[in-house]
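One structure below.
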Amino acid sequence: MTRQSISFTTPNNSWLNAQVESEEYTSKSDVVNDLIRKARAQQNEIDWIREKLIKAEKSEFTDLSRNEILAKSKEELRQNGKL
């Protein structure tokens, strides 16, 4: 695992310390890694939705608007437990 040195603002440092003190995490590194994993997963979902919207727009196969396609895609993700 790569070691990094990063600085935190006082409020962020306090929040990180509180997460560790609550015993939900064992270290600040665990908290930061968990936040990064969640952000990466969220970005993957955004990319998947964007790809689906672009494909639908290019296919001209639907009469649905961009917002309708987005809502339908989000619903499919929720039903599949991915959102």
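Identifiers in the structure tokens: chain A, B, ... in order shown; residue index from 1 per chain; ligand index from 1 in order shown.
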Spatial neighbours of stretch 19-36 of chain A, max dist 12 Å, only C-alpha atoms, sep filter under 2 positions, as a VMD selection string:
chain A and resid 1 to 8 12 to 17 38 to 43
8 Å contact set for A:Lys74, only C-alpha atoms, chain neighbours under 3 positions out, as a list of chain:residue names:
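The residues that qualify are A:Ile49, A:Leu70, A:Ala71, A:Leu77, A:Arg78, A:Leu83.
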Report, in Å with one decimal, the straight-line distance from atom CA of A:Leu53 to atom CA of A:Arg37.
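Between these atoms lies a distance of 24.5 Å.
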Would you list, as a PyMOL selection string, the residues of chain A that end up in alpha helix (DSSP H) under DSSP run on this structure's backbone?
chain A and resi 10-21+28-59+66-79
Tell me, in Å to one decimal, how far atom CA of A:Lys72 is from atom CA of A:Ile54.
14.1 Å
Between A:Thr9, A:Lys82, A:Ala18, A:Glu51, smallest distance to A:Ile69 by only C-alpha atoms belongs to A:Glu51
